[in-house]
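Peer 1: Sharing run30.txt, compact mmCIF, C-alpha atoms and all ligand atoms:
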# COMPACT_ATOMS: atom_id res chain seq x y z
CA MET A 1 0.00 0.00 0.00
CA ARG A 2 1.28 3.48 -0.82
CA THR A 3 0.23 6.64 0.96
CA VAL A 4 0.19 8.61 -2.28
CA ASP A 5 -2.41 6.23 -3.77
CA ILE A 6 -4.67 6.73 -0.74
CA ILE A 7 -4.40 10.52 -1.04
CA HIS A 8 -5.10 10.22 -4.77
CA LYS A 9 -8.21 8.13 -4.16
CA LYS A 10 -9.63 10.59 -1.63
CA ARG A 11 -8.71 13.56 -3.81
CA ASP A 12 -10.85 12.05 -6.59
CA GLY A 13 -13.81 11.48 -4.28
CA GLY A 14 -13.28 7.79 -3.59
CA GLU A 15 -14.24 5.90 -0.43
CA LEU A 16 -11.32 4.54 1.58
CA THR A 17 -11.30 1.02 2.97
CA LYS A 18 -10.67 0.10 6.60
CA GLU A 19 -7.23 -1.20 5.60
CA GLU A 20 -6.33 2.09 3.93
CA LEU A 21 -7.46 4.16 6.92
CA ASP A 22 -5.62 1.88 9.37
CA PHE A 23 -2.50 2.13 7.21
CA LEU A 24 -2.67 5.95 7.26
CA ILE A 25 -3.33 6.33 10.97
CA GLU A 26 -0.87 3.65 12.11
CA GLY A 27 1.83 4.99 9.81
CA TYR A 28 1.24 8.56 10.90
CA THR A 29 1.24 7.71 14.62
CA ARG A 30 4.54 5.81 14.25
CA GLY A 31 6.06 8.69 12.32
CA ASP A 32 6.50 6.67 9.12
CA ILE A 33 4.08 8.86 7.17
CA PRO A 34 5.18 12.51 7.09
CA ASP A 35 3.06 15.55 7.98
CA TYR A 36 2.91 16.75 4.36
CA GLN A 37 1.17 13.59 3.20
CA LEU A 38 -1.34 13.64 6.06
CA SER A 39 -1.93 17.34 5.33
CA ALA A 40 -2.75 16.59 1.70
CA TRP A 41 -5.08 13.80 2.79
CA ALA A 42 -6.81 16.03 5.38
CA MET A 43 -7.39 18.69 2.73
CA ALA A 44 -8.84 16.06 0.38
CA VAL A 45 -11.20 15.00 3.20
CA PHE A 46 -12.06 18.64 3.82
CA PHE A 47 -13.27 18.99 0.21
CA ASN A 48 -14.69 15.53 -0.45
CA GLY A 49 -15.93 14.44 2.96
CA MET A 50 -16.20 10.87 4.19
CA THR A 51 -19.04 8.36 4.33
CA ALA A 52 -20.44 7.30 7.71
CA ARG A 53 -18.58 4.01 7.43
CA GLU A 54 -15.26 5.72 6.65
CA THR A 55 -15.75 8.18 9.52
CA ALA A 56 -16.44 5.33 11.95
CA GLU A 57 -13.38 3.42 10.75
CA LEU A 58 -11.17 6.50 11.04
CA THR A 59 -12.50 6.95 14.58
CA MET A 60 -11.66 3.38 15.56
CA ALA A 61 -8.20 3.60 13.96
CA MET A 62 -7.53 6.62 16.19
CA VAL A 63 -8.92 4.78 19.24
CA ARG A 64 -6.48 1.91 18.57
CA SER A 65 -3.53 4.30 18.16
CA GLY A 66 -3.09 4.47 21.95
CA GLU A 67 -4.23 3.17 25.30
CA GLN A 68 -7.90 2.44 25.95
CA VAL A 69 -9.46 2.71 29.38
CA ASP A 70 -11.05 -0.60 30.33
CA LEU A 71 -14.15 0.01 32.45
CA SER A 72 -15.55 -3.50 31.94
CA SER A 73 -14.95 -4.44 35.58
CA ILE A 74 -17.51 -1.79 36.62
CA PRO A 75 -21.05 -3.12 36.30
CA GLY A 76 -23.65 -1.03 34.47
CA VAL A 77 -23.79 1.16 31.40
CA LYS A 78 -21.06 3.78 31.51
CA VAL A 79 -22.55 6.92 29.98
CA ASP A 80 -20.18 9.77 29.21
CA LYS A 81 -20.94 13.33 28.20
CA HIS A 82 -19.01 15.79 26.12
CA SER A 83 -19.48 19.46 25.31
CA THR A 84 -17.95 20.76 22.13
CA GLY A 85 -15.99 23.79 23.26
CA GLY A 86 -17.70 25.66 26.04
CA VAL A 87 -16.70 28.79 27.91
CA GLY A 88 -17.74 28.85 31.53
CA ASP A 89 -19.23 25.42 31.01
CA THR A 90 -19.88 24.01 34.43
CA THR A 91 -22.11 21.13 33.31
CA THR A 92 -19.66 18.31 34.11
CA LEU A 93 -19.41 19.40 37.76
CA ILE A 94 -23.19 19.15 37.99
CA LEU A 95 -23.92 16.17 35.75
CA ALA A 96 -21.30 13.82 37.18
CA PRO A 97 -22.80 13.72 40.72
CA LEU A 98 -26.34 14.05 39.39
CA VAL A 99 -26.28 10.98 37.15
CA ALA A 100 -24.11 9.06 39.63
CA ALA A 101 -26.92 9.65 42.13
CA ALA A 102 -29.23 7.98 39.59
CA GLY A 103 -27.06 4.87 39.80
CA ILE A 104 -25.11 5.38 36.57
CA PRO A 105 -21.41 4.71 37.13
CA VAL A 106 -19.37 7.81 36.29
CA ALA A 107 -15.71 7.11 35.62
CA LYS A 108 -14.53 10.38 34.22
CA MET A 109 -11.12 11.47 33.07
CA SER A 110 -11.08 15.18 32.43
CA GLY A 111 -8.62 17.70 31.15
CA ARG A 112 -7.19 20.99 32.25
CA GLY A 113 -8.15 24.23 30.57
CA LEU A 114 -6.14 25.84 27.82
CA GLY A 115 -6.68 29.20 26.14
CA HIS A 116 -10.19 30.54 26.54
CA THR A 117 -11.78 27.28 27.68
CA GLY A 118 -11.73 26.07 31.26
CA GLY A 119 -11.07 22.52 32.38
CA THR A 120 -13.03 20.45 34.89
CA ILE A 121 -9.85 19.29 36.59
CA ASP A 122 -8.76 22.87 37.34
CA LYS A 123 -12.22 23.69 38.66
CA LEU A 124 -12.16 20.72 41.03
CA GLU A 125 -8.79 21.84 42.35
CA ALA A 126 -10.49 25.02 43.57
CA ILE A 127 -11.99 22.79 46.29
CA PRO A 128 -9.46 22.83 49.16
CA GLY A 129 -7.58 19.52 49.32
CA PHE A 130 -9.16 17.95 46.24
CA GLU A 131 -6.74 15.54 44.54
CA VAL A 132 -7.10 14.82 40.85
CA GLU A 133 -4.30 12.30 40.54
CA ARG A 134 -5.21 8.69 41.10
CA THR A 135 -3.76 5.40 39.92
CA LYS A 136 -5.91 3.42 37.54
CA GLU A 137 -6.69 0.97 40.32
CA GLN A 138 -7.72 3.67 42.80
CA PHE A 139 -9.85 5.27 40.08
CA LEU A 140 -11.74 2.04 39.31
CA ASN A 141 -12.12 1.15 43.00
CA GLN A 142 -13.60 4.54 43.79
CA VAL A 143 -16.19 4.14 41.03
CA LYS A 144 -17.07 0.70 42.40
CA GLU A 145 -17.40 2.11 45.93
CA ILE A 146 -19.26 5.39 45.46
CA GLY A 147 -20.24 5.25 41.78
CA LEU A 148 -18.21 8.30 40.83
CA ALA A 149 -14.64 9.45 40.21
CA VAL A 150 -13.31 12.45 38.31
CA VAL A 151 -9.57 12.39 37.75
CA GLY A 152 -6.97 13.96 35.49
CA GLN A 153 -6.20 12.32 32.20
CA SER A 154 -3.31 9.94 32.42
CA GLY A 155 -1.83 7.58 29.92
CA ASN A 156 -1.60 7.92 26.22
CA LEU A 157 -5.16 8.14 24.85
CA THR A 158 -5.62 8.69 21.09
CA PRO A 159 -2.10 9.91 20.20
CA ALA A 160 -3.15 9.87 16.52
CA ASP A 161 -5.82 12.46 17.25
CA LYS A 162 -3.38 14.66 19.17
CA LYS A 163 -0.99 14.67 16.24
CA LEU A 164 -3.64 15.06 13.57
CA TYR A 165 -5.46 17.84 15.44
CA ALA A 166 -2.22 19.82 15.76
CA LEU A 167 -1.59 19.32 12.03
CA ARG A 168 -5.14 20.36 11.09
CA ASP A 169 -4.74 23.47 13.21
CA VAL A 170 -1.92 24.74 10.96
CA THR A 171 -3.24 23.47 7.61
CA ALA A 172 -6.74 25.03 7.65
CA THR A 173 -8.43 21.64 7.96
CA VAL A 174 -10.02 21.89 11.41
CA GLU A 175 -13.51 22.74 10.11
CA SER A 176 -14.22 19.40 8.46
CA ILE A 177 -17.23 17.61 9.88
CA PRO A 178 -15.90 14.02 9.57
CA LEU A 179 -12.55 15.10 11.04
CA ILE A 180 -14.15 16.91 14.00
CA ALA A 181 -16.64 14.09 14.58
CA SER A 182 -13.98 11.35 14.56
CA SER A 183 -11.67 13.44 16.75
CA ILE A 184 -14.28 13.96 19.46
CA MET A 185 -15.73 10.45 19.32
CA SER A 186 -12.32 8.72 19.37
CA LYS A 187 -11.51 10.36 22.71
CA LYS A 188 -14.84 9.38 24.27
CA ILE A 189 -14.54 5.78 23.07
CA ALA A 190 -10.92 5.44 24.21
CA SER A 191 -12.06 6.64 27.66
CA GLY A 192 -14.34 3.63 27.93
CA ALA A 193 -17.80 5.10 27.28
CA ASP A 194 -20.57 2.60 26.46
CA ALA A 195 -22.97 5.39 25.55
CA ILE A 196 -22.40 9.07 24.89
CA VAL A 197 -24.40 12.28 25.29
CA LEU A 198 -23.04 15.20 23.29
CA ASP A 199 -23.73 18.86 23.89
CA VAL A 200 -23.02 20.42 20.50
CA LYS A 201 -22.72 24.17 20.79
CA THR A 202 -23.89 26.36 17.97
CA GLY A 203 -23.51 30.08 17.39
CA ARG A 204 -20.91 32.82 17.64
CA GLY A 205 -18.87 31.22 20.40
CA ALA A 206 -18.87 27.71 18.87
CA PHE A 207 -16.93 25.74 16.28
CA MET A 208 -20.08 25.49 14.21
CA LYS A 209 -21.54 28.94 13.68
CA SER A 210 -24.72 27.91 11.87
CA LEU A 211 -27.47 25.64 13.12
CA GLU A 212 -27.35 23.69 9.87
CA ASP A 213 -23.64 22.83 10.28
CA SER A 214 -24.17 21.98 13.95
CA VAL A 215 -26.90 19.52 13.03
CA ARG A 216 -24.60 17.97 10.40
CA LEU A 217 -21.83 17.59 13.00
CA ALA A 218 -24.26 16.11 15.51
CA LYS A 219 -25.56 13.62 12.94
CA ALA A 220 -22.02 12.60 11.97
CA MET A 221 -21.20 11.82 15.62
CA VAL A 222 -24.47 9.97 16.24
CA GLU A 223 -23.78 7.90 13.10
CA ILE A 224 -20.32 6.96 14.37
CA GLY A 225 -21.94 5.78 17.58
CA THR A 226 -24.48 3.75 15.62
CA GLU A 227 -21.79 2.20 13.37
CA ILE A 228 -19.69 1.02 16.29
CA GLY A 229 -22.46 0.10 18.70
CA ARG A 230 -22.15 2.90 21.28
CA GLU A 231 -25.48 4.62 21.52
CA THR A 232 -25.07 8.37 21.10
CA VAL A 233 -27.46 11.30 21.53
CA ALA A 234 -26.61 14.90 20.65
CA VAL A 235 -28.30 17.99 22.05
CA ILE A 236 -27.70 21.16 20.05
CA THR A 237 -27.44 24.20 22.29
CA ASN A 238 -26.97 27.91 21.92
CA MET A 239 -23.58 29.58 22.29
CA ASP A 240 -24.53 33.16 21.46
CA GLU A 241 -23.78 33.84 25.10
CA PRO A 242 -22.03 31.99 27.92
CA LEU A 243 -24.13 29.23 29.47
CA GLY A 244 -23.96 30.37 33.06
CA PRO A 245 -23.06 33.72 34.62
CA SER A 246 -19.79 32.51 36.21
CA ILE A 247 -16.48 32.21 34.40
CA GLY A 248 -13.55 31.16 36.58
CA ASN A 249 -12.70 28.10 38.61
CA ALA A 250 -13.94 28.73 42.17
CA LEU A 251 -16.83 30.80 40.82
CA GLU A 252 -17.98 27.88 38.70
CA VAL A 253 -17.69 25.40 41.57
CA ARG A 254 -19.92 27.70 43.59
CA GLU A 255 -22.39 27.86 40.71
CA ALA A 256 -22.38 24.05 40.41
CA ILE A 257 -23.12 23.67 44.12
CA GLU A 258 -25.98 26.16 43.87
CA THR A 259 -27.38 24.29 40.87
CA LEU A 260 -27.19 20.96 42.70
CA LYS A 261 -29.16 22.65 45.49
CA GLY A 262 -31.82 23.73 43.01
CA GLN A 263 -30.77 27.38 43.30
CA GLY A 264 -28.65 27.67 40.18
CA PRO A 265 -29.04 29.93 37.15
CA ALA A 266 -32.07 29.05 35.01
CA GLU A 267 -30.33 28.23 31.72
CA LEU A 268 -27.57 26.15 33.28
CA THR A 269 -30.17 24.26 35.28
CA GLU A 270 -32.33 23.65 32.23
CA LEU A 271 -29.43 22.33 30.16
CA CYS A 272 -28.19 20.06 32.95
CA ARG A 273 -31.67 18.62 33.38
CA GLU A 274 -31.91 17.98 29.64
CA LEU A 275 -28.48 16.32 29.38
CA ALA A 276 -29.06 14.32 32.56
CA LYS A 277 -32.38 13.10 31.19
CA HIS A 278 -30.66 11.64 28.12
CA MET A 279 -27.89 10.13 30.24
CA VAL A 280 -30.45 8.49 32.53
CA LEU A 281 -32.27 7.04 29.51
CA LEU A 282 -29.08 5.70 27.90
CA GLY A 283 -28.02 4.31 31.26
CA GLY A 284 -31.27 2.34 31.47
CA LYS A 285 -32.44 4.07 34.65
CA ALA A 286 -35.79 5.19 33.22
CA GLN A 287 -38.32 3.80 30.75
CA ASP A 288 -39.20 7.01 28.98
CA GLU A 289 -38.52 10.75 28.93
CA THR A 290 -41.18 11.59 31.50
CA GLU A 291 -39.79 9.09 33.98
CA ALA A 292 -36.22 10.27 33.31
CA LYS A 293 -37.21 13.90 33.88
CA GLN A 294 -38.97 13.01 37.14
CA LEU A 295 -35.96 11.05 38.38
CA VAL A 296 -33.59 13.94 37.65
CA ALA A 297 -35.90 16.44 39.35
CA GLN A 298 -36.23 14.23 42.39
CA LEU A 299 -32.44 13.71 42.74
CA LEU A 300 -31.96 17.48 42.75
CA LYS A 301 -34.85 18.17 45.10
CA SER A 302 -34.01 15.45 47.64
CA GLY A 303 -30.39 16.56 47.95
CA GLU A 304 -29.12 13.17 46.74
CA ALA A 305 -27.19 14.77 43.87
CA LEU A 306 -25.52 17.23 46.25
CA GLU A 307 -24.77 14.37 48.66
CA LYS A 308 -23.04 12.53 45.79
CA LEU A 309 -20.84 15.57 45.19
CA LYS A 310 -19.87 15.53 48.88
CA GLN A 311 -18.96 11.84 48.58
CA LEU A 312 -16.81 12.60 45.55
CA ILE A 313 -15.00 15.44 47.33
CA LYS A 314 -14.39 13.31 50.42
CA ALA A 315 -13.16 10.32 48.40
CA GLN A 316 -10.63 12.51 46.64
CA GLY A 317 -9.26 14.17 49.75
CA GLY A 318 -11.16 17.44 49.54
CA ASP A 319 -13.04 19.50 52.11
CA ALA A 320 -16.67 18.43 51.58
CA ARG A 321 -17.86 21.26 53.83
CA VAL A 322 -17.66 23.55 50.79
CA ALA A 323 -20.95 22.03 49.62
CA ASP A 324 -22.72 23.64 52.58
CA GLU A 325 -20.32 26.50 53.14
CA PRO A 326 -19.14 27.72 49.71
CA ASP A 327 -17.27 30.59 51.40
CA ARG A 328 -14.55 28.02 52.06
CA LEU A 329 -13.66 28.26 48.36
CA PRO A 330 -10.78 30.58 47.41
CA GLU A 331 -11.94 34.20 47.20
CA ALA A 332 -10.46 37.03 45.14
CA ALA A 333 -9.22 40.11 46.96
CA TYR A 334 -11.00 42.66 44.73
CA ARG A 335 -14.36 42.91 43.04
CA VAL A 336 -14.61 45.44 40.24
CA PRO A 337 -17.94 46.34 38.62
CA VAL A 338 -17.98 46.77 34.83
CA PRO A 339 -20.45 49.54 33.95
CA SER A 340 -22.49 49.54 30.75
CA PRO A 341 -21.29 52.20 28.32
CA ALA A 342 -24.84 52.87 27.04
CA ASP A 343 -28.57 52.49 27.50
CA GLY A 344 -30.10 49.72 25.44
CA CYS A 345 -30.66 46.03 25.18
CA ILE A 346 -28.13 43.16 25.26
CA ALA A 347 -28.16 41.58 21.79
CA ALA A 348 -25.20 39.22 22.15
CA ILE A 349 -22.41 38.32 24.59
CA ASP A 350 -19.16 37.05 23.14
CA ALA A 351 -18.36 33.97 25.23
CA GLU A 352 -14.96 33.43 23.66
CA ALA A 353 -13.86 37.04 24.32
CA LEU A 354 -14.93 36.69 27.98
CA GLY A 355 -13.06 33.38 28.17
CA VAL A 356 -9.92 35.14 26.98
CA THR A 357 -10.44 37.97 29.47
CA ALA A 358 -10.89 35.48 32.31
CA MET A 359 -7.64 33.86 31.19
CA LEU A 360 -5.89 37.25 31.27
CA LEU A 361 -7.23 37.82 34.79
CA GLY A 362 -5.37 34.61 35.70
CA ALA A 363 -8.22 32.07 35.61
CA GLY A 364 -6.77 30.20 32.64
CA ARG A 365 -3.56 29.39 30.85
CA ALA A 366 -2.11 30.82 27.67
CA THR A 367 0.42 27.95 27.61
CA LYS A 368 0.31 24.52 29.23
CA GLU A 369 2.91 25.52 31.84
CA ASP A 370 1.19 28.68 33.13
CA PRO A 371 0.06 28.65 36.78
CA ILE A 372 -3.56 29.68 37.34
CA ASP A 373 -5.39 31.66 39.99
CA LEU A 374 -8.40 29.62 41.09
CA ALA A 375 -10.18 32.56 42.75
CA VAL A 376 -10.37 35.05 39.89
CA GLY A 377 -12.86 35.34 37.06
CA ILE A 378 -15.94 37.14 35.80
CA LYS A 379 -19.51 37.14 37.02
CA LEU A 380 -22.10 38.30 34.49
CA PHE A 381 -25.20 40.20 35.58
CA LYS A 382 -26.93 40.42 32.21
CA ARG A 383 -28.15 37.95 29.63
CA VAL A 384 -29.13 38.37 26.00
CA GLY A 385 -32.51 40.09 25.87
CA ASP A 386 -32.00 42.10 29.09
CA ALA A 387 -32.37 45.86 29.12
CA VAL A 388 -29.52 47.90 30.56
CA LYS A 389 -28.93 51.52 31.60
CA ALA A 390 -25.68 53.37 31.07
CA GLY A 391 -23.52 52.95 34.17
CA GLU A 392 -25.40 49.90 35.41
CA PRO A 393 -23.01 46.96 35.97
CA LEU A 394 -22.89 44.41 33.16
CA ALA A 395 -20.53 42.20 35.10
CA GLU A 396 -18.14 42.09 38.01
CA LEU A 397 -14.46 41.15 37.80
CA TYR A 398 -12.98 39.04 40.58
CA MET A 399 -9.33 40.06 40.73
CA ASN A 400 -6.22 39.47 42.76
CA ARG A 401 -4.32 42.27 41.03
CA ASN A 402 -4.82 45.92 41.80
CA GLU A 403 -3.11 48.10 39.24
CA PRO A 404 -5.37 50.86 37.85
CA ALA A 405 -4.30 50.70 34.17
CA ASP A 406 -4.59 46.89 34.14
CA THR A 407 -7.98 46.99 35.85
CA ALA A 408 -9.25 49.58 33.37
CA ARG A 409 -8.08 47.43 30.45
CA MET A 410 -9.82 44.34 31.84
CA CYS A 411 -13.05 46.32 32.37
CA GLU A 412 -12.86 47.63 28.82
CA ARG A 413 -12.36 44.13 27.38
CA THR A 414 -15.30 42.80 29.38
CA ALA A 415 -17.64 45.61 28.33
CA ALA A 416 -16.59 45.13 24.69
CA ALA A 417 -17.86 41.54 24.79
CA PHE A 418 -21.43 42.86 25.14
CA THR A 419 -23.29 43.96 22.02
CA ILE A 420 -25.77 46.63 23.12
CA THR A 421 -28.46 47.75 20.70
CA GLU A 422 -31.09 50.45 20.90
CA ALA A 423 -33.80 48.12 19.63
CA PRO A 424 -35.05 45.38 21.96
CA ALA A 425 -33.28 42.07 21.36
CA PRO A 426 -34.99 38.69 21.66
CA ARG A 427 -33.87 36.26 24.34
CA SER A 428 -31.86 33.46 22.84
CA LYS A 429 -33.21 29.97 22.70
CA LEU A 430 -31.19 27.46 24.76
CA ILE A 431 -31.93 24.07 23.18
CA TYR A 432 -32.40 23.93 19.42
CA ALA A 433 -32.65 20.26 18.62
CA VAL A 434 -31.95 16.72 19.77
CA VAL A 435 -30.33 14.30 17.32
CA THR A 436 -30.68 10.60 18.09
N1 LIG B 501 -12.62 19.32 19.32
C1 LIG B 501 -11.91 18.20 19.12
O1 LIG B 501 -11.62 17.47 20.07
N2 LIG B 501 -11.53 17.87 17.89
C2 LIG B 501 -11.83 18.63 16.81
O2 LIG B 501 -11.45 18.29 15.72
C3 LIG B 501 -12.56 19.81 17.02
C4 LIG B 501 -12.94 20.12 18.29
CA CA B 502 -20.32 29.06 34.14
Produce C-alpha cells that represent the structure in this file.
Peer 2:
Amino acid sequence: MRTVDIIHKKRDGGELTKEELDFLIEGYTRGDIPDYQLSAWAMAVFFNGMTARETAELTMAMVRSGEQVDLSSIPGVKVDKHSTGGVGDTTTLILAPLVAAAGIPVAKMSGRGLGHTGGTIDKLEAIPGFEVERTKEQFLNQVKEIGLAVVGQSGNLTPADKKLYALRDVTATVESIPLIASSIMSKKIASGADAIVLDVKTGRGAFMKSLEDSVRLAKAMVEIGTEIGRETVAVITNMDEPLGPSIGNALEVREAIETLKGQGPAELTELCRELAKHMVLLGGKAQDETEAKQLVAQLLKSGEALEKLKQLIKAQGGDARVADEPDRLPEAAYRVPVPSPADGCIAAIDAEALGVTAMLLGAGRATKEDPIDLAVGIKLFKRVGDAVKAGEPLAELYMNRNEPADTARMCERTAAAFTITEAPAPRSKLIYAVVT
C-alpha cells in the first residue's frame, strides 16, 4: 500500500477502505508517514468528505492508536458526556454527581483548561484539598465504591488524534465535519464510554456557527456511535452567550453547588436537566422521557445529587464542607464592577472574548505551563434580551491584582464583549434540537 495512492483516491472522491485508513493512521502515529502527506489527505477530506462508514473506521483507527481505558470491571452502562468547546461550562461538575446519584457509574477522566476554555480538573482543584491524581486501580475502585470518580487524564489516549489535530490546526483543515466528529468520538470511546451524550454548541462562540452545520456535525457523531455500537445522543445548544453567569474556577464550583441545590441559574439548570435526562435514559435508569425527567428532578430536590458531590469530594481528599459553606472556596481580593457604556438592550455576549479575558485575569492558561489563579474570574449580571442603563453593571471582575491601568483594560475588554443595541433584542433559545 502506498500513501500517495490513498491521497489520490480521496482527492478524486473515492471511499477509503478500513485497511487504507488503518495504514494511514498507524503509519502517521509511528512517524513513518510525514506531515505533508497527512496534510494533503486532510485537505482532500475537507473537500470531499467521508461516508459514515469511513468516519467510523477512522475513529476506531484513532482509538487503537493508543491506550484504551477498560471500564468493563464496573457493572452497568457507563454513559459519558461531552461538550464541544464551552466557555464557563460548568455542566460536568453538575452532571457527574447528578447521574451518579441515579445509579449510573461515572468514571470520568477530564482535562485541564487551555486558552479561553476552562477545564473540569482545574475547577475541582479550587476545592481545598481535592486531589485529581489517582492510579488506575484507585480510580476504578472509587467508582465501584461510590459510583463516581473524576480524575486527570493519564496515559496515552488517542495519540493519533493529538498529532492530527495539531496538524489540522496549521493546515486550515479543522472545520471538516468528519474530522471533528472522529476526533471527538475517538476520545470518548478510548475513555471507555458505552454510551455518549453530546452537547453540541452552535452560534458565535462555537466551532459550528450555523445551526445547519451543527446539526450535520451532531448527525455525523451519532452515526459513528451507531456504526460502532455505542449509543449516542446529541443535544444542540446555543452559544450566542455563555451558558452560566460565572467564568472562573472557584466561581464555577460555587455555581455548580448552587445548581445541585436547586438554586442555580435558570439556563444552566435547564441544560443540565436535559443532558441528565438523556444520560439516565441511555443508562437504562428510566423507561421514557417523563420518567427520566422526574428522576432527575427528584435527585436534585431530595439533595441526593448534592450528597453525591460531597462523597466525591471526600473520596478525593477534599473538604466536603464547601458544599454547605461555599465561602470556604478561594476568594479574590477585589471585586470590580464593569459599567455599561450605554442604555439599550443586550443583543449578544461574546463567550470566547470573555473566556480570553478570564484567562488574562489569571483564571486560565495561555500555555500549558502557566500557573492559574483559582479565585479570579468574571460574574455576568446580564443575559441576551435584558435591558440595561448606562452605568449599570454588566458584570463584576474578581481580581487578585490591583493596578489601575490593568484593571481599566480588563473592564474595557469585558464591556466590549457585550453587544448593546437600541432596539429590543430577543432572548436566545437554549436548546435547538436533539439528534438521536
Ligand atoms: N474538538 C476536538 O476534540 N476535535 C476537533 O477536531 C474539534 C474540536
Ligand atoms: Ca459558568
Peer 1: Counting all atoms listed in the file, name the residues that have an atom within 8 Å of an atom of ligand CA 502 (chain B); the answer should be given as a list in words.
Peer 2: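 Sorted by chain and then by number, the residues are Val87, Gly88, Asp89, Thr90, Pro242, Leu243, Gly244, Pro245, Ser246, Ile247, Gly248, Leu251, Glu252, Glu255 and Leu268 of chain A.
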Peer 1: Can you write out the residues you just picked, keeping C-alpha atoms, as an mmCIF file, in the coordinates of the input?
Peer 2:
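Wrote result_3.cif, looks like this:
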data_model
loop_
_atom_site.group_PDB
_atom_site.id
_atom_site.type_symbol
_atom_site.label_atom_id
_atom_site.label_comp_id
_atom_site.auth_asym_id
_atom_site.auth_seq_id
_atom_site.Cartn_x
_atom_site.Cartn_y
_atom_site.Cartn_z
ATOM 1 C CA VAL A 87 -16.700 28.790 27.910
ATOM 2 C CA GLY A 88 -17.740 28.850 31.530
ATOM 3 C CA ASP A 89 -19.230 25.420 31.010
ATOM 4 C CA THR A 90 -19.880 24.010 34.430
ATOM 5 C CA PRO A 242 -22.030 31.990 27.920
ATOM 6 C CA LEU A 243 -24.130 29.230 29.470
ATOM 7 C CA GLY A 244 -23.960 30.370 33.060
ATOM 8 C CA PRO A 245 -23.060 33.720 34.620
ATOM 9 C CA SER A 246 -19.790 32.510 36.210
ATOM 10 C CA ILE A 247 -16.480 32.210 34.400
ATOM 11 C CA GLY A 248 -13.550 31.160 36.580
ATOM 12 C CA LEU A 251 -16.830 30.800 40.820
ATOM 13 C CA GLU A 252 -17.980 27.880 38.700
ATOM 14 C CA GLU A 255 -22.390 27.860 40.710
ATOM 15 C CA LEU A 268 -27.570 26.150 33.280
#
Peer 1: Mind listing the residues within 12 Å of ligand LIG 501 (chain B), all atoms listed in the file counted, as a PyMOL selection string?
Peer 2: chain A and resi 42+46+59+82-86+111+117+158+160-169+172-188+198+200-201+206-208+217+221
Peer 1: Restricting the calculation to all atoms listed in the file: of A:Leu354, A:Leu58, A:Ala218, A:Ala40, which residue gets closest to A:Asp22?
Peer 2: A:Leu58
Peer 1: Please determine, counting only C-alpha atoms, which residue among A:Phe381, A:Phe418, A:Tyr28, A:Tyr398 has the shortest atom-to-atom distance to A:Asn249.
Peer 2: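 Closest candidate: A:Tyr398.
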Peer 1: For A:Asp350, which residue out of A:Thr269, A:Thr414, A:Asn400, A:Ser302 is the nearest one, using all atoms listed in the file?
Peer 2: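 Closest residue, counting all atoms listed in the file: A:Thr414.
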Peer 1: Under the rule that all atoms listed in the file are counted, which of A:Leu21, A:Asp319, A:Glu412, A:Ile236 is the nearest residue to A:Asp213?
Peer 2: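 Among the listed residues, A:Ile236 lies closest to A:Asp213.
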Peer 1: Nearest to A:Ala433: which of A:Lys389, A:Lys285, A:Lys219, A:Arg112 is it, counting all atoms listed in the file?
Peer 2: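 Ranking A:Lys389, A:Lys285, A:Lys219, A:Arg112 by distance to A:Ala433, first place goes to A:Lys219.
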Peer 1: Measure the distance from atom CA of A:Glu274 to atom CA of A:Thr237 in Å and round it to one decimal.
Peer 2: 10.6 Å
Peer 1: Mind giving me the straight-line distance from atom CA of A:Arg230 to atom CA of A:Asp80 in Å, one decimal?
Peer 2: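 So the two atoms, atom CA of A:Arg230 and atom CA of A:Asp80, lie 10.7 Å apart.
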Peer 1: Smallest atom-to-atom distance to A:Ala234: which of A:Lys81, A:Lys209, A:Lys368, A:Lys379, using only C-alpha atoms?
Peer 2: A:Lys81
Peer 1: Find the residues near A:Leu93: any atom within 10 Å, counting all atoms listed in the file, skip ones fewer than 4 places away on the same chain, and give them as a VMD selection string.
Peer 2: chain A and resid 89 97 to 98 120 to 121 123 to 124 150 252 to 253 255 to 257 259 to 260 309
Peer 1: Next, dump the selected residues to file, keeping only C-alpha atoms, as a PDB file, keeping the file's coordinate frame.
Peer 2:
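Output saved as out31.pdb:
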ATOM      1  CA  ASP A  89     -19.230  25.420  31.010  1.00  0.00           C
ATOM      2  CA  PRO A  97     -22.800  13.720  40.720  1.00  0.00           C
ATOM      3  CA  LEU A  98     -26.340  14.050  39.390  1.00  0.00           C
ATOM      4  CA  THR A 120     -13.030  20.450  34.890  1.00  0.00           C
ATOM      5  CA  ILE A 121      -9.850  19.290  36.590  1.00  0.00           C
ATOM      6  CA  LYS A 123     -12.220  23.690  38.660  1.00  0.00           C
ATOM      7  CA  LEU A 124     -12.160  20.720  41.030  1.00  0.00           C
ATOM      8  CA  VAL A 150     -13.310  12.450  38.310  1.00  0.00           C
ATOM      9  CA  GLU A 252     -17.980  27.880  38.700  1.00  0.00           C
ATOM     10  CA  VAL A 253     -17.690  25.400  41.570  1.00  0.00           C
ATOM     11  CA  GLU A 255     -22.390  27.860  40.710  1.00  0.00           C
ATOM     12  CA  ALA A 256     -22.380  24.050  40.410  1.00  0.00           C
ATOM     13  CA  ILE A 257     -23.120  23.670  44.120  1.00  0.00           C
ATOM     14  CA  THR A 259     -27.380  24.290  40.870  1.00  0.00           C
ATOM     15  CA  LEU A 260     -27.190  20.960  42.700  1.00  0.00           C
ATOM     16  CA  LEU A 309     -20.840  15.570  45.190  1.00  0.00           C
TER      17      LEU A 309
END
Peer 1: Atom CA of A:Leu380 and atom CA of A:Pro265 are how many Å apart?
Peer 2: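 Between these atoms lies a distance of 11.2 Å.
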Peer 1: Do you know which residues lie at most 12 Å from (-10.6, 7.1, -1.8), with coordinates as in the file and only C-alpha atoms counted, and could you write them as a list in words?
Peer 2: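 Final list of nearby residues, as requested, is Thr3, Val4, Asp5, Ile6, Ile7, His8, Lys9, Lys10, Arg11, Asp12, Gly13, Gly14, Glu15, Leu16, Thr17, Lys18, Glu19, Glu20, Leu21, Trp41, Ala44, Val45, Asn48, Gly49, Met50, Thr51 and Glu54 of chain A.
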Peer 1: As number ranges by chain, please: the residues near A:Ala348 (cut-off 8 Å, all atoms listed in the file, same-chain neighbours under 5 positions excluded).
Peer 2: A: 240-241, 384, 418-420
Peer 1: Please provide as a ChimeraX atom specification all residues within 8 Å of A:Val106, with the sequence filter that same-chain residues fewer than 2 positions apart are discarded (counting only C-alpha atoms).
Peer 2: /A:78-80,96,99-100,104,108,143,147-150
